[in-house]
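*Asks:* For reference, this is structure_15.tsv, and it has TSV, C-alpha atoms.
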chain	number	residue	atom	x	y	z
A	1	MET	CA	-13.74	23.26	-39.84
A	2	GLU	CA	-16.48	21.42	-41.68
A	3	GLU	CA	-14.08	20.75	-44.51
A	4	ILE	CA	-11.56	19.20	-42.10
A	5	LEU	CA	-14.24	16.98	-40.63
A	6	HIS	CA	-15.25	15.97	-44.13
A	7	VAL	CA	-11.63	15.12	-45.07
A	8	PHE	CA	-11.34	12.82	-42.04
A	9	GLY	CA	-14.74	11.34	-42.79
A	10	LEU	CA	-16.17	12.35	-39.41
A	11	GLU	CA	-19.91	11.91	-39.37
A	12	LYS	CA	-22.26	12.11	-36.44
A	13	SER	CA	-24.13	8.92	-37.34
A	14	LEU	CA	-20.89	6.90	-37.75
A	15	PHE	CA	-19.48	8.32	-34.54
A	16	LEU	CA	-22.64	7.43	-32.58
A	17	PHE	CA	-22.70	3.98	-34.18
A	18	GLN	CA	-19.12	3.38	-33.01
A	19	VAL	CA	-19.92	4.62	-29.48
A	20	VAL	CA	-22.98	2.39	-29.14
A	21	ASN	CA	-21.19	-0.53	-30.77
A	22	PHE	CA	-18.25	-0.36	-28.37
A	23	LEU	CA	-20.50	0.05	-25.33
A	24	ILE	CA	-22.43	-3.08	-26.35
A	25	ILE	CA	-19.20	-5.03	-26.91
A	26	ALA	CA	-17.81	-3.80	-23.58
A	27	PHE	CA	-21.02	-4.88	-21.85
A	28	ILE	CA	-20.91	-8.34	-23.49
A	29	LEU	CA	-17.26	-8.75	-22.57
A	30	LYS	CA	-17.82	-7.72	-18.98
A	31	LYS	CA	-21.00	-9.75	-18.48
A	32	PHE	CA	-20.11	-12.94	-20.32
A	33	LEU	CA	-16.31	-13.05	-20.27
A	34	TYR	CA	-14.62	-11.16	-17.45
A	35	LYS	CA	-17.09	-11.94	-14.68
A	36	PRO	CA	-17.36	-15.71	-15.28
A	37	LEU	CA	-13.64	-15.89	-15.99
A	38	MET	CA	-12.68	-14.06	-12.80
A	39	LYS	CA	-15.13	-16.19	-10.85
A	40	MET	CA	-13.56	-19.31	-12.31
A	41	MET	CA	-10.06	-18.04	-11.59
A	42	ASP	CA	-11.03	-17.25	-8.00
A	43	GLU	CA	-12.55	-20.71	-7.68
A	44	ARG	CA	-9.37	-22.29	-9.03
A	45	LYS	CA	-7.25	-20.13	-6.76
A	46	ASN	CA	-9.33	-21.19	-3.76
A	47	LYS	CA	-9.07	-24.83	-4.82
A	48	ILE	CA	-5.30	-24.57	-5.18
A	49	GLU	CA	-5.02	-22.82	-1.83
A	50	LYS	CA	-7.26	-25.47	-0.25
A	51	GLY	CA	-5.20	-28.20	-1.89
A	52	LEU	CA	-1.99	-26.69	-0.59
A	53	LYS	CA	-3.50	-26.29	2.87
A	54	ASP	CA	-4.77	-29.88	2.79
A	55	ALA	CA	-1.34	-31.08	1.69
A	56	GLU	CA	0.24	-29.09	4.50
A	57	ASP	CA	-2.29	-30.50	6.99
A	58	ALA	CA	-1.67	-33.99	5.62
A	59	GLY	CA	2.06	-33.45	6.07
A	60	ILE	CA	1.52	-32.34	9.66
A	61	ALA	CA	-0.84	-35.27	10.26
A	62	LEU	CA	1.74	-37.63	8.76
A	63	GLU	CA	4.41	-36.19	10.98
A	64	ASN	CA	2.11	-36.51	14.01
A	65	ALA	CA	1.30	-40.08	13.00
A	66	ALA	CA	5.00	-40.88	12.71
A	67	GLN	CA	5.61	-39.37	16.14
A	68	GLU	CA	2.60	-41.26	17.53
A	69	ARG	CA	3.95	-44.45	15.96
A	70	GLN	CA	7.33	-43.85	17.54
A	71	ARG	CA	5.69	-43.17	20.88
A	72	ILE	CA	3.51	-46.31	20.66
A	73	LEU	CA	6.51	-48.39	19.67
A	74	ALA	CA	8.54	-46.97	22.56
A	75	ASP	CA	5.63	-47.65	24.96
A	76	ALA	CA	5.21	-51.15	23.57
A	77	LYS	CA	8.92	-51.80	23.95
A	78	ALA	CA	8.84	-50.54	27.50
A	79	ASP	CA	5.78	-52.70	28.25
A	80	ALA	CA	7.44	-55.71	26.63
A	81	ASP	CA	10.62	-55.15	28.67
A	82	ALA	CA	8.57	-54.85	31.85
A	83	LEU	CA	6.59	-57.97	31.00
A	84	GLY	CA	9.80	-59.84	30.17
A	85	ALA	CA	11.32	-58.86	33.48
A	86	LEU	CA	8.14	-59.84	35.26
A	87	ALA	CA	8.04	-63.15	33.43
A	88	LYS	CA	11.67	-63.78	34.32
A	89	VAL	CA	10.99	-63.14	38.00
A	90	SER	CA	7.88	-65.25	37.87
A	91	LEU	CA	9.77	-68.02	36.10
A	92	GLU	CA	12.46	-68.02	38.77
A	93	GLU	CA	9.86	-68.14	41.48
A	94	THR	CA	8.00	-70.95	39.78
A	95	LYS	CA	11.21	-72.82	39.22
A	96	GLU	CA	12.19	-72.44	42.89
A	97	ARG	CA	8.73	-73.44	44.05
A	98	LEU	CA	8.64	-76.46	41.79
A	99	THR	CA	12.13	-77.49	42.86
A	100	SER	CA	11.19	-77.09	46.48
A	101	ASP	CA	7.98	-79.07	45.98
A	102	ALA	CA	9.87	-81.79	44.18
A	103	LYS	CA	12.42	-81.95	46.96
A	104	ASN	CA	9.74	-82.14	49.61
A	105	ARG	CA	7.90	-84.79	47.66
A	106	SER	CA	11.00	-86.85	47.10
A	107	GLN	CA	11.89	-86.53	50.79
A	108	GLN	CA	8.38	-87.64	51.68
A	109	ILE	CA	8.69	-90.61	49.32
A	110	ILE	CA	12.05	-91.49	50.83
A	111	ASP	CA	10.63	-91.27	54.36
A	112	GLU	CA	7.65	-93.40	53.41
A	113	ALA	CA	9.98	-95.91	51.76
A	114	LYS	CA	12.14	-95.97	54.88
A	115	GLN	CA	9.13	-96.56	57.10
A	116	LYS	CA	7.88	-99.26	54.80
A	117	ALA	CA	11.32	-100.84	54.72
A	118	ALA	CA	11.56	-100.73	58.51
A	119	ALA	CA	8.12	-102.26	58.86
A	120	GLU	CA	9.01	-104.89	56.31
A	121	PHE	CA	12.23	-105.58	58.12
A	122	GLU	CA	10.42	-106.05	61.42
A	123	ASN	CA	7.91	-108.31	59.83
A	124	MET	CA	10.66	-110.32	58.16
A	125	ASN	CA	12.53	-110.47	61.42
A	126	LYS	CA	9.45	-111.83	63.16
A	127	GLN	CA	8.84	-114.38	60.46
A	128	LEU	CA	12.54	-115.32	60.49
A	129	GLY	CA	12.44	-115.73	64.26
A	130	ALA	CA	9.43	-117.98	63.98
A	131	MET	CA	11.04	-120.01	61.26
A	132	SER	CA	14.32	-120.25	63.23
A	133	VAL	CA	12.44	-121.65	66.23
A	134	GLU	CA	10.69	-124.17	64.07
A	135	ILE	CA	13.94	-125.20	62.36
A	136	ALA	CA	15.78	-125.41	65.69
A	137	GLN	CA	12.98	-127.55	67.13
A	138	LYS	CA	13.21	-129.93	64.25
A	139	VAL	CA	17.05	-130.05	64.47
A	140	VAL	CA	17.02	-130.67	68.26
A	141	SER	CA	14.23	-133.26	67.96
A	142	LYS	CA	16.15	-135.15	65.30
A	143	THR	CA	19.46	-134.89	67.21
A	144	LEU	CA	17.97	-136.01	70.53
A	145	ALA	CA	15.72	-138.67	69.01
A	146	GLY	CA	17.70	-141.68	70.25
A	147	LEU	CA	19.22	-140.22	73.43
A	148	PHE	CA	16.26	-139.07	75.50
A	149	THR	CA	12.72	-140.11	76.34
A	150	GLY	CA	9.75	-138.30	75.11
A	151	ASP	CA	9.32	-136.15	78.26
A	152	GLU	CA	12.99	-135.31	78.51
A	153	LYS	CA	13.08	-134.46	74.87
A	154	GLU	CA	10.13	-132.12	75.31
A	155	LYS	CA	11.69	-130.44	78.38
A	156	ILE	CA	15.09	-130.01	76.73
A	157	THR	CA	13.45	-128.81	73.55
A	158	ALA	CA	11.31	-126.38	75.47
A	159	ARG	CA	14.28	-125.03	77.37
A	160	ALA	CA	16.36	-124.79	74.21
A	161	LEU	CA	13.57	-122.99	72.46
A	162	ASP	CA	13.22	-120.58	75.35
A	163	LYS	CA	16.88	-119.83	75.18
A	164	ILE	CA	16.73	-119.49	71.39
A	165	LYS	CA	13.75	-117.26	71.70
A	166	LYS	CA	15.40	-115.13	74.32
A	167	GLY	CA	18.66	-115.10	72.44
A	168	GLY	CA	16.87	-114.31	69.12
A	169	TYR	CA	14.87	-111.51	70.62
A	170	GLU	CA	17.83	-110.12	72.42
A	171	LYS	CA	19.76	-110.17	69.08
A	172	SER	CA	16.94	-108.69	67.13
A	173	ALA	CA	16.44	-106.09	69.84
A	174	ASN	CA	20.11	-105.22	69.69
B	1	MET	CA	-5.84	5.93	-50.49
B	2	GLN	CA	-8.25	8.36	-48.91
B	3	ILE	CA	-8.27	9.34	-45.25
B	4	SER	CA	-12.00	8.99	-44.82
B	5	PRO	CA	-13.54	5.53	-44.90
B	6	GLY	CA	-15.23	4.49	-48.13
B	7	VAL	CA	-19.02	4.32	-48.10
B	8	LEU	CA	-20.15	0.98	-49.50
B	9	PHE	CA	-23.88	1.60	-49.37
B	10	THR	CA	-26.46	3.25	-47.16
B	11	ILE	CA	-29.24	1.75	-45.05
B	12	ALA	CA	-32.02	4.21	-44.25
B	13	GLY	CA	-29.59	7.05	-44.64
B	14	PHE	CA	-26.92	5.42	-42.48
B	15	PRO	CA	-23.67	5.16	-44.43
B	16	VAL	CA	-22.25	1.64	-44.21
B	17	THR	CA	-18.52	2.17	-44.69
B	18	ASN	CA	-15.77	-0.40	-45.18
B	19	THR	CA	-14.60	0.33	-41.61
B	20	VAL	CA	-18.11	-0.18	-40.26
B	21	LEU	CA	-18.20	-3.55	-42.01
B	22	VAL	CA	-14.87	-4.51	-40.43
B	23	THR	CA	-16.07	-3.24	-37.05
B	24	LEU	CA	-19.01	-5.63	-37.33
B	25	ILE	CA	-16.62	-8.47	-38.29
B	26	VAL	CA	-14.54	-7.62	-35.19
B	27	ASP	CA	-17.75	-7.70	-33.13
B	28	VAL	CA	-18.58	-11.15	-34.50
B	29	ILE	CA	-15.07	-12.43	-33.72
B	30	ILE	CA	-15.32	-11.08	-30.16
B	31	VAL	CA	-18.76	-12.59	-29.65
B	32	LEU	CA	-17.55	-15.94	-31.00
B	33	ILE	CA	-14.57	-15.87	-28.62
B	34	VAL	CA	-16.88	-14.98	-25.72
B	35	ILE	CA	-19.30	-17.81	-26.61
B	36	SER	CA	-16.45	-20.32	-27.05
B	37	VAL	CA	-14.86	-19.42	-23.72
B	38	TYR	CA	-18.20	-19.15	-21.89
B	39	LYS	CA	-19.39	-22.55	-23.11
B	40	ALA	CA	-16.14	-24.35	-22.34
B	41	LEU	CA	-15.52	-22.56	-19.06
B	42	SER	CA	-13.85	-24.99	-16.69
B	43	VAL	CA	-11.58	-25.07	-13.65
B	44	ARG	CA	-9.13	-26.92	-15.88
B	45	PRO	CA	-8.87	-24.51	-18.80
B	46	GLY	CA	-8.50	-25.34	-22.49
B	47	LYS	CA	-6.11	-23.53	-24.81
B	48	LEU	CA	-8.46	-20.65	-25.66
B	49	GLN	CA	-9.59	-20.17	-22.07
B	50	ASN	CA	-5.96	-20.28	-20.97
B	51	ALA	CA	-5.00	-17.57	-23.46
B	52	VAL	CA	-7.93	-15.32	-22.50
B	53	GLU	CA	-7.30	-15.95	-18.81
B	54	SER	CA	-3.65	-14.96	-19.19
B	55	ILE	CA	-4.57	-11.65	-20.84
B	56	THR	CA	-7.36	-10.98	-18.32
B	57	ASP	CA	-5.12	-11.80	-15.39
B	58	TYR	CA	-2.30	-9.65	-16.76
B	59	PHE	CA	-4.53	-6.58	-17.15
B	60	TYR	CA	-6.24	-7.14	-13.81
B	61	SER	CA	-2.90	-7.46	-12.01
B	62	ALA	CA	-1.45	-4.43	-13.81
B	63	THR	CA	-4.51	-2.34	-12.93
B	64	LYS	CA	-4.49	-3.56	-9.36
B	65	ASP	CA	-0.82	-2.64	-8.97
B	66	ILE	CA	-1.60	0.93	-9.96
B	67	ALA	CA	-5.21	1.51	-8.89
B	68	GLY	CA	-5.49	-0.90	-5.94
B	69	ASP	CA	-9.08	-1.68	-5.00
B	70	ARG	CA	-10.41	0.47	-7.86
B	71	ALA	CA	-9.09	-2.16	-10.29
B	72	SER	CA	-12.41	-4.01	-10.06
B	73	PHE	CA	-14.24	-1.34	-12.07
B	74	ILE	CA	-11.32	0.05	-14.12
B	75	TYR	CA	-9.89	-3.15	-15.57
B	76	PRO	CA	-12.99	-4.28	-17.58
B	77	TRP	CA	-12.80	-1.02	-19.56
B	78	VAL	CA	-9.06	-1.26	-20.00
B	79	LEU	CA	-9.24	-4.84	-21.20
B	80	SER	CA	-12.20	-4.16	-23.49
B	81	PHE	CA	-10.30	-1.31	-25.15
B	82	PHE	CA	-7.29	-3.55	-25.59
B	83	ILE	CA	-9.18	-6.49	-27.10
B	84	PHE	CA	-11.32	-4.35	-29.39
B	85	ILE	CA	-8.45	-2.17	-30.66
B	86	LEU	CA	-6.08	-5.12	-31.00
B	87	LEU	CA	-8.52	-7.04	-33.21
B	88	GLY	CA	-9.40	-3.82	-35.09
B	89	ASN	CA	-5.70	-3.27	-35.79
B	90	LEU	CA	-4.64	-6.81	-36.63
B	91	ILE	CA	-7.62	-7.80	-38.77
B	92	GLU	CA	-6.14	-5.90	-41.70
B	93	PHE	CA	-3.43	-8.59	-42.03
B	94	ILE	CA	-5.98	-11.14	-43.16
B	95	PRO	CA	-5.47	-11.64	-46.91
B	96	GLY	CA	-8.08	-9.73	-48.96
B	97	PHE	CA	-8.02	-6.53	-46.97
B	98	GLU	CA	-7.50	-3.57	-49.24
B	99	SER	CA	-7.07	-5.89	-52.24
B	100	ILE	CA	-10.75	-6.83	-52.65
B	101	ARG	CA	-12.30	-3.82	-54.30
B	102	PHE	CA	-15.89	-2.61	-54.26
B	103	PHE	CA	-17.42	-0.32	-56.83
B	104	SER	CA	-19.64	1.94	-54.82
B	105	PRO	CA	-22.11	4.42	-56.29
B	106	HIS	CA	-20.98	6.82	-53.57
B	107	HIS	CA	-17.48	6.93	-55.07
B	108	PRO	CA	-18.05	7.22	-58.80
B	109	GLY	CA	-14.60	8.71	-59.37
B	110	ALA	CA	-12.68	5.72	-57.97
B	111	GLU	CA	-11.27	4.01	-61.02
B	112	HIS	CA	-10.45	0.72	-59.28
B	113	GLY	CA	-13.25	0.97	-56.75
B	114	ILE	CA	-12.77	1.27	-53.00
B	115	PRO	CA	-11.47	-1.43	-50.62
B	116	LEU	CA	-14.29	-3.62	-49.39
B	117	LEU	CA	-12.53	-4.09	-46.07
B	118	ARG	CA	-10.35	-1.59	-44.25
B	119	ALA	CA	-8.79	-1.65	-40.75
B	120	ALA	CA	-11.48	-0.54	-38.31
B	121	THR	CA	-9.08	1.69	-36.38
B	122	SER	CA	-8.07	3.60	-39.52
B	123	ASP	CA	-11.41	5.39	-39.20
B	124	LEU	CA	-11.34	8.51	-37.06
B	125	ASN	CA	-15.01	7.99	-36.15
B	126	LEU	CA	-14.04	4.84	-34.28
B	127	THR	CA	-10.90	6.19	-32.60
B	128	LEU	CA	-12.71	9.35	-31.54
B	129	ALA	CA	-15.61	7.31	-30.21
B	130	LEU	CA	-13.19	5.23	-28.14
B	131	ALA	CA	-11.43	8.38	-26.91
B	132	VAL	CA	-14.72	9.97	-25.89
B	133	ILE	CA	-15.82	6.81	-24.06
B	134	SER	CA	-12.46	6.54	-22.30
B	135	VAL	CA	-12.44	10.16	-21.12
B	136	ILE	CA	-16.12	10.30	-20.14
B	137	MET	CA	-15.82	6.97	-18.33
B	138	SER	CA	-12.84	8.23	-16.30
B	139	HIS	CA	-14.72	11.41	-15.34
B	140	TYR	CA	-17.85	9.47	-14.44
B	141	TYR	CA	-15.86	7.25	-12.07
B	142	SER	CA	-14.05	10.30	-10.73
B	143	ILE	CA	-17.37	11.86	-9.68
B	144	LYS	CA	-18.72	8.54	-8.43
B	145	TYR	CA	-15.74	7.57	-6.26
B	146	THR	CA	-14.30	10.91	-5.13
B	147	GLY	CA	-17.49	12.92	-4.88
B	148	ILE	CA	-18.63	15.96	-6.81
B	149	LYS	CA	-16.85	18.38	-4.44
B	150	SER	CA	-13.47	16.73	-4.88
B	151	TYR	CA	-14.06	16.49	-8.63
B	152	VAL	CA	-14.85	20.19	-8.96
B	153	ASN	CA	-11.93	21.14	-6.66
B	154	ARG	CA	-9.59	19.37	-9.03
B	155	PHE	CA	-10.28	21.98	-11.70
B	156	PHE	CA	-11.59	24.97	-9.78
B	157	SER	CA	-9.59	25.74	-6.66
B	158	PHE	CA	-8.51	29.17	-5.37
B	159	LYS	CA	-5.83	28.02	-2.94
B	160	MET	CA	-2.33	29.55	-3.02
B	161	PHE	CA	-3.55	32.96	-4.26
B	162	GLY	CA	-5.15	31.60	-7.42
B	163	LEU	CA	-2.18	29.44	-8.41
B	164	PHE	CA	-4.27	26.32	-8.07
B	165	PHE	CA	-6.88	27.87	-10.32
B	166	LEU	CA	-4.27	28.18	-13.04
B	167	VAL	CA	-3.22	24.57	-12.50
B	168	GLY	CA	-6.87	23.53	-12.59
B	169	MET	CA	-7.41	25.31	-15.88
B	170	ILE	CA	-4.38	23.57	-17.39
B	171	GLU	CA	-5.73	20.24	-16.17
B	172	LEU	CA	-9.15	21.00	-17.61
B	173	MET	CA	-7.57	21.83	-20.94
B	174	SER	CA	-5.54	18.62	-20.83
B	175	GLU	CA	-8.78	16.69	-20.42
B	176	PHE	CA	-10.05	18.10	-23.69
B	177	VAL	CA	-6.72	17.48	-25.33
B	178	LYS	CA	-7.12	13.82	-24.39
B	179	PHE	CA	-9.89	13.48	-26.97
B	180	ILE	CA	-7.48	14.56	-29.69
B	181	SER	CA	-4.40	12.75	-28.41
B	182	PHE	CA	-6.21	9.46	-27.87
B	183	SER	CA	-8.05	9.49	-31.18
B	184	PHE	CA	-5.36	10.87	-33.47
B	185	ARG	CA	-2.55	8.75	-32.01
B	186	LEU	CA	-4.38	5.53	-32.79
B	187	PHE	CA	-5.85	6.72	-36.06
B	188	GLY	CA	-2.55	8.21	-37.24
B	189	ASN	CA	-0.50	5.10	-36.43
B	190	ILE	CA	-2.85	2.66	-38.11
B	191	PHE	CA	-3.65	4.83	-41.11
B	192	ALA	CA	0.04	5.60	-41.63
B	193	GLY	CA	0.75	1.90	-41.34
B	194	ASP	CA	-1.82	1.19	-44.06
B	195	ILE	CA	-0.17	3.70	-46.36
B	196	ALA	CA	3.30	2.34	-45.56
B	197	LEU	CA	2.11	-1.18	-46.40
B	198	ALA	CA	0.53	-0.03	-49.64
B	199	VAL	CA	3.65	1.89	-50.63
B	200	THR	CA	5.99	-1.01	-49.88
B	201	ASN	CA	3.60	-3.41	-51.63
B	202	TYR	CA	2.96	-5.34	-48.41
B	203	LEU	CA	6.62	-6.08	-47.77
B	204	PHE	CA	6.95	-8.94	-45.30
B	205	ILE	CA	9.17	-7.01	-42.88
B	206	MET	CA	6.82	-4.05	-43.04
B	207	MET	CA	3.89	-6.30	-42.19
B	208	GLY	CA	5.75	-7.58	-39.13
B	209	PHE	CA	6.50	-4.03	-38.06
B	210	GLU	CA	2.89	-2.96	-38.54
B	211	MET	CA	1.68	-5.90	-36.52
B	212	PHE	CA	4.00	-4.80	-33.75
B	213	VAL	CA	2.65	-1.23	-34.04
B	214	GLY	CA	-0.91	-2.55	-33.93
B	215	ILE	CA	-0.24	-4.45	-30.70
B	216	ILE	CA	1.66	-1.54	-29.12
B	217	GLN	CA	-1.06	0.98	-30.00
B	218	ALA	CA	-3.77	-1.21	-28.47
B	219	PHE	CA	-1.64	-1.57	-25.36
B	220	VAL	CA	-0.89	2.16	-25.17
B	221	PHE	CA	-4.56	3.11	-25.47
B	222	ALA	CA	-5.53	0.62	-22.75
B	223	MET	CA	-2.72	1.66	-20.42
B	224	LEU	CA	-3.37	5.37	-20.85
B	225	THR	CA	-7.05	4.79	-20.06
B	226	MET	CA	-6.01	2.92	-16.94
B	227	ALA	CA	-3.55	5.65	-15.88
B	228	PHE	CA	-5.96	8.54	-16.48
B	229	THR	CA	-8.84	6.80	-14.74
B	230	THR	CA	-6.63	5.92	-11.78
B	231	VAL	CA	-5.43	9.53	-11.47
B	232	LEU	CA	-8.95	10.92	-11.71
B	233	THR	CA	-10.36	8.51	-9.14
B	234	GLU	CA	-7.75	9.63	-6.58
B	235	LYS	CA	-9.12	12.23	-4.17
B	236	SER	CA	-7.71	15.68	-5.03
B	237	HIS	CA	-5.80	17.52	-2.27
Would you encode the structure as structure tokens?

*Replies:*
Amino acid sequence: MEEILHVFGLEKSLFLFQVVNFLIIAFILKKFLYKPLMKMMDERKNKIEKGLKDAEDAGIALENAAQERQRILADAKADADALGALAKVSLEETKERLTSDAKNRSQQIIDEAKQKAAAEFENMNKQLGAMSVEIAQKVVSKTLAGLFTGDEKEKITARALDKIKKGGYEKSAN
Amino acid sequence: MQISPGVLFTIAGFPVTNTVLVTLIVDVIIVLIVISVYKALSVRPGKLQNAVESITDYFYSATKDIAGDRASFIYPWVLSFFIFILLGNLIEFIPGFESIRFFSPHHPGAEHGIPLLRAATSDLNLTLALAVISVIMSHYYSIKYTGIKSYVNRFFSFKMFGLFFLVGMIELMSEFVKFISFSFRLFGNIFAGDIALAVTNYLFIMMGFEMFVGIIQAFVFAMLTMAFTTVLTEKSH
């Protein structure tokens, strides 16, 4: 047996050296390689998972934002349509009111103009009557200048003027 | 080429062999990788961190698929075995291995001296040490996670008129056989590979094949450790 061990070079001191040597190497590998490496790999895995989750959340948020945008746009369109309709109604009302006001105003102006014209006409008529009397007096005086005396002329003139006046008034009254 | 590693010199009675020297070189490489990765550890990994992460993640996932929650304490051992054995196997393909000779006073008969550097896993001391650690570790976790009663019942049970006792004895024997199977499988493959390379004068195709064997053996050792530990940490019925 001892000869066999000697042939294979088995020696207690070498065997123990190899045992201790491997245990030290295994300890170093575990302590300074596997543990930090696994920790780092876990950290990376967590980061990747977090990144994927964040991307998924961002996708959902984007989708929600798009839906929200669509909803806001739809609401805005509805509001705009409502406002447009309201504005149209209001415009019609304003237009009608303004037209009505303008009509009333123009009617008022026409009425005022008519009244003014009537008053003017009356005034003119009065002035014309007065002028007609004066002209008639002058015509009769000049016509009757050689035919009648002063008193007769005055009487005839007075009577003629009365008649003219009466006739003029009657005409203007008619 | 001798089976036993060549003793280069001794320090206070401790024989420093060419495999011990290479084991220390492997240790330095591992420590340098650890320092490089640890210093540059970032959420956005560099090339080295990416490579180490891929291997770590692969072994963690594989262990988790088989062992479930127990992966957290099984996978560091599995991965450590893989990294250590892989580097121990592949380091021999660095130019200079076997060809640089050392004239040691401990090997006066060696006409051309002994190789200064030799694959670490071609030393039975190392492979047996790894086998012992693997088996003891699996039994330690078996007791820790299933309880001493369940652990003892696995090997000593008198159910079914003593039939389970027989099964338990076979299982107990298989546990001892693991020391031999683990250590000699790795040692035999790598040592045989060394001889095959020497015989074929380091033929390029042979080197490729031996590299493949080196990777496969590291993987097999790690996976068997994982499987045995998983089985032993299951509660026995």

*Asks:* Find the spatial neighbours of segment 15-30 of chain B, counting all atoms listed in the file, within a cut-off of 9 Å - ignore same-chain residues fewer than 2 positions away - and output them as JSON, numbers by chain.

*Replies:* {"A": [13, 14, 17, 18, 21, 22, 25, 29], "B": [5, 6, 7, 8, 9, 10, 11, 12, 13, 32, 33, 34, 35, 83, 84, 87, 88, 91, 92, 114, 115, 116, 117, 118, 119, 120, 121, 122, 123, 126]}

*Asks:* So which residues touch segment 46-63 of chain B within 9 Å, counting all atoms listed in the file, skipping near sequence neighbours fewer than 3 positions away, as a ChimeraX atom specification?

*Replies:* /A:33-34,37-38,41 /B:33,36-38,40-42,66-68,70-72,74-76,78-79,223,226-227,230

*Asks:* Any idea what's packed within 9 Å of Gln137 of chain A, counting only C-alpha atoms, ignoring anything in its chain fewer than 5 positions away? Could you give it as a list in words?

*Replies:* Ser132, Lys142, Thr157, Ala158, Ala160 and Leu161 of chain A

*Asks:* Residues of chain B were defined as contacting chain A if any atom lay at most 6 Å from it, counting all atoms listed in the file; please report them as a list in words.

*Replies:*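 On the chain B side, the interface is Ile3, Ser4, Val34, Val43, Ser80, Asn125, Leu126 and Ala129 of chain B.
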
*Asks:* Output the selection as a compact mmCIF listing (two decimals), in the coordinates of the input - C-alpha atoms for each residue.

*Replies:*
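File out_39.txt, as written:
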# COMPACT_ATOMS: atom_id res chain seq x y z
CA ILE B 3 -8.27 9.34 -45.25
CA SER B 4 -12.00 8.99 -44.82
CA VAL B 34 -16.88 -14.98 -25.72
CA VAL B 43 -11.58 -25.07 -13.65
CA SER B 80 -12.20 -4.16 -23.49
CA ASN B 125 -15.01 7.99 -36.15
CA LEU B 126 -14.04 4.84 -34.28
CA ALA B 129 -15.61 7.31 -30.21

*Asks:* Expressed in Å to a single decimal, how great is the separation between atom CA of Glu93 of chain A and atom CA of Ala80 of chain A?

*Replies:*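 Calculated distance between atom CA of Glu93 of chain A and atom CA of Ala80 of chain A is 19.5 Å.
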
*Asks:* By how many Å are atom CA of Val167 of chain B and atom CA of Phe155 of chain B apart?

*Replies:*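 Calculated distance between atom CA of Val167 of chain B and atom CA of Phe155 of chain B is 7.6 Å.
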
*Asks:* What is the atom CA of Phe191 of chain B to atom CA of Val213 of chain B distance in Å?

*Replies:* 11.2 Å

*Asks:* Residues within 12 Å of Ala198 of chain B, please, as a ChimeraX atom specification. Count all atoms listed in the file; anything in the same chain fewer than 4 positions from it doesn't count.

*Replies:* /B:1,92,97-99,191-194,202-204,206-207,210

*Asks:* Can you spit out the residues from that selection as a CSV table (one decimal), in the coordinates of the input, using C-alpha atoms?

*Replies:*
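Now in result.csv:
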chain,number,residue,atom,x,y,z
B,1,MET,CA,-5.8,5.9,-50.5
B,92,GLU,CA,-6.1,-5.9,-41.7
B,97,PHE,CA,-8.0,-6.5,-47.0
B,98,GLU,CA,-7.5,-3.6,-49.2
B,99,SER,CA,-7.1,-5.9,-52.2
B,191,PHE,CA,-3.6,4.8,-41.1
B,192,ALA,CA,0.0,5.6,-41.6
B,193,GLY,CA,0.8,1.9,-41.3
B,194,ASP,CA,-1.8,1.2,-44.1
B,202,TYR,CA,3.0,-5.3,-48.4
B,203,LEU,CA,6.6,-6.1,-47.8
B,204,PHE,CA,7.0,-8.9,-45.3
B,206,MET,CA,6.8,-4.0,-43.0
B,207,MET,CA,3.9,-6.3,-42.2
B,210,GLU,CA,2.9,-3.0,-38.5

*Asks:* List the neighbours of Tyr145 of chain B out to 12 Å using all atoms listed in the file; skip same-chain residues closer than 4 positions along the sequence, and give me the result as a PyMOL selection string.

*Replies:* chain B and resi 69-70+73-74+138-141+149-151+229-236
